[in-house]
$ cat structure.cif   # mmCIF, C-alpha atoms
data_query
#
loop_
_atom_site.group_PDB
_atom_site.id
_atom_site.type_symbol
_atom_site.label_atom_id
_atom_site.label_comp_id
_atom_site.auth_asym_id
_atom_site.auth_seq_id
_atom_site.Cartn_x
_atom_site.Cartn_y
_atom_site.Cartn_z
ATOM 1 C CA MET A 1 106.548 112.433 81.627
ATOM 2 C CA ARG A 2 109.698 113.401 79.773
ATOM 3 C CA VAL A 3 110.912 109.809 79.827
ATOM 4 C CA LYS A 4 107.605 108.504 78.384
ATOM 5 C CA ARG A 5 107.683 111.169 75.702
ATOM 6 C CA ARG A 6 111.217 110.225 74.734
ATOM 7 C CA LEU A 7 110.261 106.551 74.581
ATOM 8 C CA ARG A 8 107.348 107.331 72.277
ATOM 9 C CA LEU A 9 109.569 109.425 70.033
ATOM 10 C CA ALA A 10 112.051 106.557 69.880
ATOM 11 C CA VAL A 11 109.482 103.828 69.211
ATOM 12 C CA ILE A 12 107.802 105.596 66.268
ATOM 13 C CA PRO A 13 110.874 105.797 63.984
ATOM 14 C CA ILE A 14 111.919 102.264 64.974
ATOM 15 C CA GLY A 15 108.452 100.966 64.020
ATOM 16 C CA ILE A 16 108.518 102.826 60.711
ATOM 17 C CA ALA A 17 112.008 101.536 59.905
ATOM 18 C CA THR A 18 110.957 97.959 60.749
ATOM 19 C CA ALA A 19 107.864 98.186 58.527
ATOM 20 C CA ILE A 20 109.925 99.537 55.623
ATOM 21 C CA ALA A 21 112.553 96.819 56.070
ATOM 22 C CA LEU A 22 109.947 94.036 56.129
ATOM 23 C CA ALA A 23 108.157 95.469 53.097
ATOM 24 C CA GLY A 24 111.371 95.188 51.115
ATOM 25 C CA CYS A 25 111.910 91.513 52.009
ATOM 26 C CA THR A 26 111.558 88.816 49.364
ATOM 27 C CA PRO A 27 109.365 85.739 50.039
ATOM 28 C CA THR A 28 112.569 83.782 50.694
ATOM 29 C CA GLU A 29 113.628 86.223 53.399
ATOM 30 C CA LEU A 30 110.141 86.430 54.913
ATOM 31 C CA ASN A 31 110.177 82.637 55.261
ATOM 32 C CA GLY A 32 113.491 82.641 57.107
ATOM 33 C CA PHE A 33 115.579 81.562 54.075
ATOM 34 C CA LEU A 34 114.031 78.110 54.353
ATOM 35 C CA PRO A 35 113.668 75.966 51.205
ATOM 36 C CA GLY A 36 110.264 75.089 49.790
ATOM 37 C CA PHE A 37 109.245 78.460 48.325
ATOM 38 C CA THR A 38 109.573 80.022 44.886
ATOM 39 C CA ASP A 39 110.464 83.669 44.297
ATOM 40 C CA ASP A 40 106.769 84.548 44.183
ATOM 41 C CA GLY A 41 106.122 82.826 47.529
ATOM 42 C CA THR A 42 104.405 79.671 46.218
ATOM 43 C CA GLN A 43 104.798 76.875 48.776
ATOM 44 C CA ALA A 44 105.702 73.269 47.999
ATOM 45 C CA THR A 45 102.865 71.715 50.041
ATOM 46 C CA ASN A 46 99.779 72.884 51.883
ATOM 47 C CA HIS A 47 101.761 72.717 55.161
ATOM 48 C CA THR A 48 105.062 74.330 54.158
ATOM 49 C CA GLU A 49 104.070 77.890 55.006
ATOM 50 C CA MET A 50 102.751 76.831 58.407
ATOM 51 C CA VAL A 51 106.090 75.229 59.314
ATOM 52 C CA SER A 52 108.087 78.237 58.140
ATOM 53 C CA GLY A 53 105.726 80.564 60.019
ATOM 54 C CA LEU A 54 106.373 78.730 63.287
ATOM 55 C CA TRP A 55 110.116 78.892 62.665
ATOM 56 C CA VAL A 56 110.251 82.590 61.690
ATOM 57 C CA ASN A 57 107.899 83.854 64.397
ATOM 58 C CA SER A 58 109.804 81.893 67.053
ATOM 59 C CA TRP A 59 113.048 83.559 65.996
ATOM 60 C CA ILE A 60 111.411 86.998 65.989
ATOM 61 C CA VAL A 61 110.263 86.513 69.580
ATOM 62 C CA LEU A 62 113.673 85.193 70.630
ATOM 63 C CA LEU A 63 115.439 88.081 68.915
ATOM 64 C CA ALA A 64 113.179 90.582 70.669
ATOM 65 C CA VAL A 65 113.950 88.956 74.024
ATOM 66 C CA GLY A 66 117.645 89.030 73.196
ATOM 67 C CA VAL A 67 117.613 92.713 72.228
ATOM 68 C CA ILE A 68 115.797 93.667 75.450
ATOM 69 C CA THR A 69 118.209 91.545 77.518
ATOM 70 C CA TRP A 70 121.281 93.024 75.840
ATOM 71 C CA ALA A 71 119.902 96.546 76.287
ATOM 72 C CA LEU A 72 119.267 95.995 80.009
ATOM 73 C CA MET A 73 122.742 94.533 80.463
ATOM 74 C CA GLY A 74 124.293 97.521 78.716
ATOM 75 C CA TRP A 75 122.181 99.972 80.691
ATOM 76 C CA ALA A 76 123.160 98.325 84.011
ATOM 77 C CA ALA A 77 126.849 98.342 83.071
ATOM 78 C CA ILE A 78 126.733 102.057 82.241
ATOM 79 C CA ALA A 79 124.333 103.331 84.897
ATOM 80 C CA TYR A 80 125.982 101.500 87.771
ATOM 81 C CA ARG A 81 129.606 101.772 86.744
ATOM 82 C CA ARG A 82 132.191 102.982 89.211
ATOM 83 C CA ARG A 83 132.480 106.777 89.101
ATOM 84 C CA ARG A 84 135.620 108.766 89.563
ATOM 85 C CA GLY A 85 136.444 109.164 93.210
ATOM 86 C CA GLN A 86 134.365 106.203 94.366
ATOM 87 C CA ARG A 87 136.012 103.633 96.611
ATOM 88 C CA GLY A 88 135.040 100.185 97.849
ATOM 89 C CA LEU A 89 132.159 98.000 96.746
ATOM 90 C CA PRO A 90 128.814 99.449 95.639
ATOM 91 C CA VAL A 91 125.725 98.945 97.781
ATOM 92 C CA GLN A 92 124.873 95.228 97.787
ATOM 93 C CA LEU A 93 121.252 94.171 97.294
ATOM 94 C CA ARG A 94 119.947 90.740 98.315
ATOM 95 C CA TYR A 95 117.004 90.683 95.976
ATOM 96 C CA ASN A 96 114.568 92.781 94.015
ATOM 97 C CA MET A 97 111.122 91.223 94.129
ATOM 98 C CA PRO A 98 109.658 92.926 91.015
ATOM 99 C CA VAL A 99 112.696 91.950 88.937
ATOM 100 C CA GLU A 100 112.649 88.363 90.217
ATOM 101 C CA ILE A 101 108.946 88.044 89.426
ATOM 102 C CA PHE A 102 109.609 89.477 85.970
ATOM 103 C CA TYR A 103 112.383 87.051 85.028
ATOM 104 C CA THR A 104 110.356 84.134 86.382
ATOM 105 C CA VAL A 105 107.028 84.953 84.731
ATOM 106 C CA VAL A 106 108.337 86.033 81.312
ATOM 107 C CA PRO A 107 110.288 82.796 80.576
ATOM 108 C CA LEU A 108 107.263 80.798 81.749
ATOM 109 C CA ILE A 109 105.027 82.697 79.322
ATOM 110 C CA LEU A 110 107.533 82.132 76.502
ATOM 111 C CA VAL A 111 107.791 78.395 77.156
ATOM 112 C CA LEU A 112 104.013 77.982 77.350
ATOM 113 C CA GLY A 113 103.583 80.063 74.202
ATOM 114 C CA PHE A 114 106.119 78.035 72.198
ATOM 115 C CA PHE A 115 104.521 74.814 73.435
ATOM 116 C CA ALA A 116 101.003 75.946 72.516
ATOM 117 C CA PHE A 117 101.885 77.016 68.963
ATOM 118 C CA THR A 118 104.035 73.924 68.393
ATOM 119 C CA ALA A 119 101.270 71.611 69.632
ATOM 120 C CA ARG A 120 98.730 73.409 67.435
ATOM 121 C CA ASP A 121 100.824 73.009 64.265
ATOM 122 C CA GLN A 122 101.869 69.464 65.144
ATOM 123 C CA ALA A 123 98.221 68.450 65.465
ATOM 124 C CA VAL A 124 97.637 69.674 61.902
ATOM 125 C CA LEU A 125 100.764 67.994 60.527
ATOM 126 C CA GLU A 126 99.955 64.677 62.197
ATOM 127 C CA THR A 127 96.311 64.573 61.041
ATOM 128 C CA GLN A 128 96.079 61.811 58.443
ATOM 129 C CA TYR A 129 93.728 61.779 55.453
ATOM 130 C CA ASP A 130 91.077 59.069 55.807
ATOM 131 C CA ASN A 131 90.540 58.587 52.089
ATOM 132 C CA PRO A 132 93.381 60.262 50.155
ATOM 133 C CA ASP A 133 93.592 60.484 46.390
ATOM 134 C CA VAL A 134 96.981 58.755 46.458
ATOM 135 C CA CYS A 135 98.585 56.390 48.953
ATOM 136 C CA VAL A 136 102.236 55.382 48.509
ATOM 137 C CA THR A 137 104.280 53.016 50.647
ATOM 138 C CA ALA A 138 107.853 54.300 50.981
ATOM 139 C CA ILE A 139 110.293 51.613 52.136
ATOM 140 C CA GLY A 140 113.745 52.489 53.440
ATOM 141 C CA LYS A 141 116.554 49.979 53.087
ATOM 142 C CA GLN A 142 120.325 50.035 53.309
ATOM 143 C CA TRP A 143 120.929 52.152 51.278
ATOM 144 C CA ALA A 144 118.132 53.067 48.898
ATOM 145 C CA TRP A 145 114.356 53.329 48.611
ATOM 146 C CA ASP A 146 111.418 51.334 47.263
ATOM 147 C CA PHE A 147 108.108 52.993 46.399
ATOM 148 C CA GLN A 148 104.809 51.153 46.036
ATOM 149 C CA TYR A 149 101.745 52.950 44.667
ATOM 150 C CA ASN A 150 98.811 51.259 46.391
ATOM 151 C CA ASP A 151 95.444 50.846 44.694
ATOM 152 C CA ASP A 152 93.610 50.616 48.043
ATOM 153 C CA THR A 153 94.043 54.230 49.145
ATOM 154 C CA ALA A 154 91.675 54.018 52.119
ATOM 155 C CA ASP A 155 93.755 51.400 53.967
ATOM 156 C CA CYS A 156 97.071 52.039 52.163
ATOM 157 C CA GLN A 157 97.235 48.409 51.072
ATOM 158 C CA ALA A 158 98.482 46.896 47.835
ATOM 159 C CA GLY A 159 96.098 44.978 45.608
ATOM 160 C CA ASP A 160 96.422 43.475 42.159
ATOM 161 C CA LYS A 161 96.497 46.949 40.589
ATOM 162 C CA ALA A 162 99.300 48.283 42.764
ATOM 163 C CA VAL A 163 102.588 49.138 41.051
ATOM 164 C CA TRP A 164 106.081 49.647 42.420
ATOM 165 C CA THR A 165 109.673 50.662 41.775
ATOM 166 C CA MET A 166 112.824 49.433 43.494
ATOM 167 C CA GLY A 167 115.733 51.799 43.928
ATOM 168 C CA VAL A 168 119.468 51.259 44.213
ATOM 169 C CA GLN A 169 122.101 53.123 46.186
ATOM 170 C CA ALA A 170 123.374 56.393 44.701
ATOM 171 C CA GLN A 171 126.761 56.309 42.993
ATOM 172 C CA THR A 172 129.197 59.239 42.939
ATOM 173 C CA ASP A 173 132.420 60.184 41.171
ATOM 174 C CA ALA A 174 135.669 61.371 42.741
ATOM 175 C CA GLN A 175 134.261 64.891 43.144
ATOM 176 C CA GLY A 176 131.190 63.640 45.001
ATOM 177 C CA THR A 177 128.790 64.288 42.119
ATOM 178 C CA VAL A 178 125.936 61.793 41.877
ATOM 179 C CA THR A 179 126.336 59.844 38.632
ATOM 180 C CA SER A 180 123.542 57.248 38.911
ATOM 181 C CA GLU A 181 119.795 57.504 38.564
ATOM 182 C CA LEU A 182 118.197 58.062 41.956
ATOM 183 C CA PRO A 183 115.021 56.355 43.212
ATOM 184 C CA THR A 184 112.133 58.665 42.324
ATOM 185 C CA LEU A 185 108.809 59.176 44.064
ATOM 186 C CA VAL A 186 106.215 60.604 41.666
ATOM 187 C CA LEU A 187 103.205 62.493 43.068
ATOM 188 C CA PRO A 188 100.289 64.369 41.467
ATOM 189 C CA VAL A 189 99.959 68.086 42.168
ATOM 190 C CA ASN A 190 96.952 69.398 44.124
ATOM 191 C CA GLU A 191 95.809 65.904 45.115
ATOM 192 C CA THR A 192 95.760 64.572 48.682
ATOM 193 C CA VAL A 193 98.670 62.224 49.386
ATOM 194 C CA LYS A 194 99.226 59.788 52.228
ATOM 195 C CA LEU A 195 102.637 58.170 52.664
ATOM 196 C CA LYS A 196 103.022 54.919 54.535
ATOM 197 C CA LEU A 197 106.590 54.857 55.871
ATOM 198 C CA THR A 198 108.316 51.619 56.804
ATOM 199 C CA SER A 199 111.795 50.071 56.902
ATOM 200 C CA ARG A 200 113.297 46.816 55.682
ATOM 201 C CA ASP A 201 116.210 46.664 58.107
ATOM 202 C CA VAL A 202 117.274 49.488 60.471
ATOM 203 C CA ILE A 203 115.769 52.826 61.503
ATOM 204 C CA HIS A 204 115.725 55.350 58.657
ATOM 205 C CA SER A 205 114.207 58.831 58.391
ATOM 206 C CA PHE A 206 112.240 59.998 55.362
ATOM 207 C CA TRP A 207 113.078 63.638 54.577
ATOM 208 C CA ILE A 208 111.890 65.710 51.617
ATOM 209 C CA ILE A 209 113.915 68.861 52.184
ATOM 210 C CA ASP A 210 111.640 71.428 50.512
ATOM 211 C CA PHE A 211 108.585 70.028 52.300
ATOM 212 C CA LEU A 212 110.131 71.062 55.658
ATOM 213 C CA TYR A 213 109.214 67.807 57.344
ATOM 214 C CA LYS A 214 110.768 64.433 58.066
ATOM 215 C CA LYS A 215 109.605 61.297 59.782
ATOM 216 C CA ASP A 216 111.291 58.164 61.097
ATOM 217 C CA MET A 217 110.826 54.734 59.534
ATOM 218 C CA TYR A 218 110.840 51.726 61.859
ATOM 219 C CA ILE A 219 110.836 47.952 61.546
ATOM 220 C CA GLY A 220 107.446 46.481 62.384
ATOM 221 C CA LYS A 221 105.769 49.862 62.962
ATOM 222 C CA ASP A 222 104.336 51.932 60.134
ATOM 223 C CA ASN A 223 104.366 55.717 60.248
ATOM 224 C CA TYR A 224 102.127 57.933 58.125
ATOM 225 C CA TRP A 225 102.420 61.398 56.642
ATOM 226 C CA SER A 226 99.583 63.225 54.856
ATOM 227 C CA PHE A 227 99.904 66.378 52.749
ATOM 228 C CA THR A 228 98.950 67.931 49.426
ATOM 229 C CA PRO A 229 101.704 68.895 46.935
ATOM 230 C CA THR A 230 100.882 72.360 45.611
ATOM 231 C CA ARG A 231 103.681 73.043 43.121
ATOM 232 C CA VAL A 232 104.916 71.103 40.118
ATOM 233 C CA GLY A 233 108.643 70.498 40.320
ATOM 234 C CA GLU A 234 111.474 68.218 41.327
ATOM 235 C CA TYR A 235 112.660 68.007 44.938
ATOM 236 C CA ASP A 236 115.565 66.380 46.760
ATOM 237 C CA GLY A 237 115.105 63.778 49.458
ATOM 238 C CA LYS A 238 117.443 61.843 51.709
ATOM 239 C CA CYS A 239 117.651 59.702 54.818
ATOM 240 C CA ALA A 240 118.033 61.873 57.916
ATOM 241 C CA GLU A 241 118.935 59.080 60.358
ATOM 242 C CA LEU A 242 122.445 57.605 60.496
ATOM 243 C CA CYS A 243 121.748 54.112 59.191
ATOM 244 C CA GLY A 244 125.110 52.620 58.336
ATOM 245 C CA GLN A 245 128.221 52.928 56.196
ATOM 246 C CA TYR A 246 126.576 54.418 53.092
ATOM 247 C CA HIS A 247 123.988 56.577 54.832
ATOM 248 C CA SER A 248 125.138 59.640 52.852
ATOM 249 C CA MET A 249 124.344 57.820 49.602
ATOM 250 C CA MET A 250 120.728 57.099 50.587
ATOM 251 C CA LEU A 251 119.246 59.760 48.305
ATOM 252 C CA PHE A 252 116.048 60.012 46.290
ATOM 253 C CA LYS A 253 114.063 62.428 44.136
ATOM 254 C CA VAL A 254 110.459 63.564 44.339
ATOM 255 C CA LYS A 255 108.710 64.635 41.124
ATOM 256 C CA VAL A 256 105.406 66.477 41.490
ATOM 257 C CA VAL A 257 103.593 66.342 38.156
ATOM 258 C CA GLU A 258 100.176 66.993 36.683
ATOM 259 C CA PRO A 259 97.573 64.274 37.429
ATOM 260 C CA ALA A 260 97.488 63.111 33.804
ATOM 261 C CA GLU A 261 101.268 62.635 33.773
ATOM 262 C CA TYR A 262 101.040 60.786 37.079
ATOM 263 C CA GLN A 263 98.543 58.315 35.609
ATOM 264 C CA GLN A 264 100.816 57.827 32.600
ATOM 265 C CA TYR A 265 103.693 57.034 34.953
ATOM 266 C CA LEU A 266 101.633 54.378 36.750
ATOM 267 C CA ALA A 267 100.582 52.918 33.416
ATOM 268 C CA GLY A 268 104.243 52.643 32.413
ATOM 269 C CA LEU A 269 105.074 50.685 35.562
ATOM 270 C CA ARG A 270 102.079 48.447 34.953
ATOM 271 C CA ALA A 271 103.206 47.807 31.378
ATOM 272 C CA ALA A 272 106.671 46.877 32.677
ATOM 273 C CA GLY A 273 105.112 44.173 34.855
ATOM 274 C CA GLN A 274 105.903 45.863 38.167
ATOM 275 C CA THR A 275 102.492 45.092 39.651
ATOM 276 C CA GLY A 276 101.004 43.609 42.800
ATOM 277 C CA ASP A 277 102.573 43.668 46.255
ATOM 278 C CA ILE A 278 106.212 44.737 46.187
ATOM 279 C CA ASN A 279 108.812 41.983 45.913
ATOM 280 C CA LYS A 280 110.289 41.225 49.359
ATOM 281 C CA ALA A 281 113.259 39.287 48.062
ATOM 282 C CA TYR A 282 115.682 41.758 49.605
ATOM 283 C CA ASP A 283 113.999 41.803 53.023
ATOM 284 C CA ARG A 284 116.748 40.675 55.405
ATOM 285 C CA LEU A 285 114.258 40.076 58.222
ATOM 286 C CA GLN A 286 112.313 37.198 56.670
ATOM 287 C CA ASN A 287 113.283 34.933 59.580
ATOM 288 C CA PHE A 288 111.319 37.009 62.095
ATOM 289 C CA PRO A 289 108.738 34.953 64.028
ATOM 290 C CA GLY A 290 105.421 34.936 62.230
ATOM 291 C CA THR A 291 106.828 35.502 58.750
ATOM 292 C CA GLY A 292 106.499 31.874 57.723
ATOM 293 C CA ALA A 293 110.261 31.239 57.617
ATOM 294 C CA SER A 294 111.375 27.669 58.065
ATOM 295 C CA THR A 295 112.433 26.663 61.592
ATOM 296 C CA GLU A 296 114.163 23.399 60.584
ATOM 297 C CA SER A 297 117.621 24.904 60.874
ATOM 298 C CA GLU A 298 117.073 26.618 64.219
ATOM 299 C CA GLY A 299 118.592 23.759 66.158
ATOM 300 C CA LYS A 300 121.704 23.663 63.963
ATOM 301 C CA HIS A 301 122.956 27.074 65.111
#

$ encode --input "structure.cif" --output "structure tokens"
Amino acid sequence: MRVKRRLRLAVIPIGIATAIALAGCTPTELNGFLPGFTDDGTQATNHTEMVSGLWVNSWIVLLAVGVITWALMGWAAIAYRRRRGQRGLPVQLRYNMPVEIFYTVVPLILVLGFFAFTARDQAVLETQYDNPDVCVTAIGKQWAWDFQYNDDTADCQAGDKAVWTMGVQAQTDAQGTVTSELPTLVLPVNETVKLKLTSRDVIHSFWIIDFLYKKDMYIGKDNYWSFTPTRVGEYDGKCAELCGQYHSMMLFKVKVVEPAEYQQYLAGLRAAGQTGDINKAYDRLQNFPGTGASTESEGKH
């Protein structure tokens, strides 16, 4: 009874101290110091908070397990230490069934729990919009990005009204500061967006850092990513898959703007003549079977 009473007396102040500490945390701290949040807690997309929640709660559980484990290790080292006057080895135990059941069942519960919550959130992240407001094809290439704003949003296909931009590799000075204009993906705020991700040459990975998500880009297989930008602003993006000599220079920007400004941007591209399906002049895989490439020279090599 005394032990239970002492435990209760210890748990109460610890709980109060924890509540006070959490109440004093900023939104940045509550979201595990991850990017994608403003000082008032506004998230970058409709999925950002879900990703940070999975990350933070996983670390809280792991920290709790660690604290309990460290406490038990310390208690065992102190309680079963060699006392003055003792000689020889302590009593040796082959096993302790309750303890063995405990350290078998608890890790199993943790693994199943992490799997369940991860699968739940992954199902949401991987659900694609059937008829988004905006569908953009993002094309990775060594070592820059092309963006095509498709007019057929249902199938993410380019028609006569589609517009595009072609990016070039980032340039830096001796200090590593980017000195050139980066390829820029423009998106409207609070409108559903579907990205069609593909590659011109090797495997790339499309990563918008503040959106807390990245996805690989393959040759001959399109990937998709659906989300809704919820905050106007400018965000950094980069390739997250080692893709060659200038992988570190494969940078881009994402600008989330008001819908009216987004339409003005598309109109500017249309006025510049950057319309229709994106120019494939730089596609180094035009000689793949089925692309219509000439086969006359095949026997010469």

$ atom_distance --input "structure.cif" --atom1 "CA of Phe252 (chain A)" --atom2 "CA of Gly237 (chain A)"
5.0 Å

$ resolve_selection --input "structure.cif" --expression "the PyMOL selection byres ((chain A and resi 167) around 8)" --output "list of chain:residue names"
A:Ala144, A:Trp145, A:Asp146, A:Thr165, A:Met166, A:Val168, A:Gln169, A:Leu182, A:Pro183, A:Thr184

$ residues_near_point --input "structure.cif" --point "(127.6, 60.7, 44.2)" --cutoff "12 Å" --atoms "all atoms listed in the file" --output "PyMOL selection string"
chain A and resi 169-182+246-252

$ atom_distance --input "structure.cif" --atom1 "CA of Glu261 (chain A)" --atom2 "CA of Gln274 (chain A)"
17.9 Å

$ closest_residue --input "structure.cif" --among "A:Leu110, A:Ile278, A:Cys156, A:Val254" --to "Trp59 (chain A)" --atoms "all atoms listed in the file"
A:Leu110

$ closest_residue --input "structure.cif" --among "A:Trp70, A:Tyr129, A:Phe117, A:Trp75" --to "Leu54 (chain A)" --atoms "all atoms listed in the file"
A:Phe117

$ atom_distance --input "structure.cif" --atom1 "CA of Ile219 (chain A)" --atom2 "CA of Arg200 (chain A)"
6.5 Å

$ closest_atom_pairs --input "structure.cif" --of "region 26-89 of chain A" --to "region 101-109 of chain A" --cutoff "12 Å" --atoms "only C-alpha atoms" --output "tab-separated table"
residue	atom	partner	partner_atom	distance
A:Val61	CA	A:Pro107	CA	11.6
A:Leu62	CA	A:Pro107	CA	10.8
A:Val65	CA	A:Val106	CA	9.7
A:Thr69	CA	A:Tyr103	CA	10.5

$ residues_around --input "structure.cif" --residues "Val124 (chain A)" --least-positions-apart "5" --cutoff "12 Å" --atoms "all atoms listed in the file" --output "mmCIF file with C-alpha atoms, keeping the file's coordinate frame"
data_model
loop_
_atom_site.group_PDB
_atom_site.id
_atom_site.type_symbol
_atom_site.label_atom_id
_atom_site.label_comp_id
_atom_site.auth_asym_id
_atom_site.auth_seq_id
_atom_site.Cartn_x
_atom_site.Cartn_y
_atom_site.Cartn_z
ATOM 1 C CA ASN A 46 99.779 72.884 51.883
ATOM 2 C CA HIS A 47 101.761 72.717 55.161
ATOM 3 C CA THR A 48 105.062 74.330 54.158
ATOM 4 C CA MET A 50 102.751 76.831 58.407
ATOM 5 C CA VAL A 51 106.090 75.229 59.314
ATOM 6 C CA PHE A 117 101.885 77.016 68.963
ATOM 7 C CA THR A 118 104.035 73.924 68.393
ATOM 8 C CA ALA A 119 101.270 71.611 69.632
ATOM 9 C CA TYR A 129 93.728 61.779 55.453
ATOM 10 C CA TRP A 225 102.420 61.398 56.642
ATOM 11 C CA SER A 226 99.583 63.225 54.856
ATOM 12 C CA PHE A 227 99.904 66.378 52.749
#

$ closest_residue --input "structure.cif" --among "A:Asn190, A:Asn223, A:Gln264, A:Thr198" --to "Glu126 (chain A)" --atoms "all atoms listed in the file"
A:Asn223

$ closest_residue --input "structure.cif" --among "A:Gln142, A:Thr137, A:Val111, A:Ile78" --to "Gln245 (chain A)" --atoms "all atoms listed in the file"
A:Gln142

$ resolve_selection --input "structure.cif" --expression "the PyMOL selection byres ((chain A and resi 213) around 12)" --output "mmCIF file with C-alpha atoms, keeping the file's coordinate frame"
data_model
loop_
_atom_site.group_PDB
_atom_site.id
_atom_site.type_symbol
_atom_site.label_atom_id
_atom_site.label_comp_id
_atom_site.auth_asym_id
_atom_site.auth_seq_id
_atom_site.Cartn_x
_atom_site.Cartn_y
_atom_site.Cartn_z
ATOM 1 C CA LEU A 34 114.031 78.110 54.353
ATOM 2 C CA PRO A 35 113.668 75.966 51.205
ATOM 3 C CA GLY A 36 110.264 75.089 49.790
ATOM 4 C CA ALA A 44 105.702 73.269 47.999
ATOM 5 C CA THR A 45 102.865 71.715 50.041
ATOM 6 C CA HIS A 47 101.761 72.717 55.161
ATOM 7 C CA THR A 48 105.062 74.330 54.158
ATOM 8 C CA GLU A 49 104.070 77.890 55.006
ATOM 9 C CA MET A 50 102.751 76.831 58.407
ATOM 10 C CA VAL A 51 106.090 75.229 59.314
ATOM 11 C CA SER A 52 108.087 78.237 58.140
ATOM 12 C CA GLN A 122 101.869 69.464 65.144
ATOM 13 C CA LEU A 125 100.764 67.994 60.527
ATOM 14 C CA GLU A 126 99.955 64.677 62.197
ATOM 15 C CA SER A 205 114.207 58.831 58.391
ATOM 16 C CA PHE A 206 112.240 59.998 55.362
ATOM 17 C CA TRP A 207 113.078 63.638 54.577
ATOM 18 C CA ILE A 208 111.890 65.710 51.617
ATOM 19 C CA ILE A 209 113.915 68.861 52.184
ATOM 20 C CA ASP A 210 111.640 71.428 50.512
ATOM 21 C CA PHE A 211 108.585 70.028 52.300
ATOM 22 C CA LEU A 212 110.131 71.062 55.658
ATOM 23 C CA LYS A 214 110.768 64.433 58.066
ATOM 24 C CA LYS A 215 109.605 61.297 59.782
ATOM 25 C CA ASP A 216 111.291 58.164 61.097
ATOM 26 C CA TRP A 225 102.420 61.398 56.642
ATOM 27 C CA SER A 226 99.583 63.225 54.856
ATOM 28 C CA PHE A 227 99.904 66.378 52.749
ATOM 29 C CA GLY A 237 115.105 63.778 49.458
ATOM 30 C CA LYS A 238 117.443 61.843 51.709
ATOM 31 C CA CYS A 239 117.651 59.702 54.818
ATOM 32 C CA ALA A 240 118.033 61.873 57.916
#

$ closest_residue --input "structure.cif" --among "A:Lys161, A:Arg82, A:His204, A:Lys255" --to "Val232 (chain A)" --atoms "all atoms listed in the file"
A:Lys255

$ residues_near_point --input "structure.cif" --point "(98.2, 70.0, 43.7)" --cutoff "8 Å" --atoms "all atoms listed in the file" --output "list in words"
Pro188, Val189, Asn190, Glu191, Thr192, Thr228, Pro229, Thr230, Arg231, Val232 and Glu258 of chain A

$ closest_residue --input "structure.cif" --among "A:Ala162, A:Gly41, A:Glu241, A:Ala154" --to "Asn131 (chain A)" --atoms "all atoms listed in the file"
A:Ala154
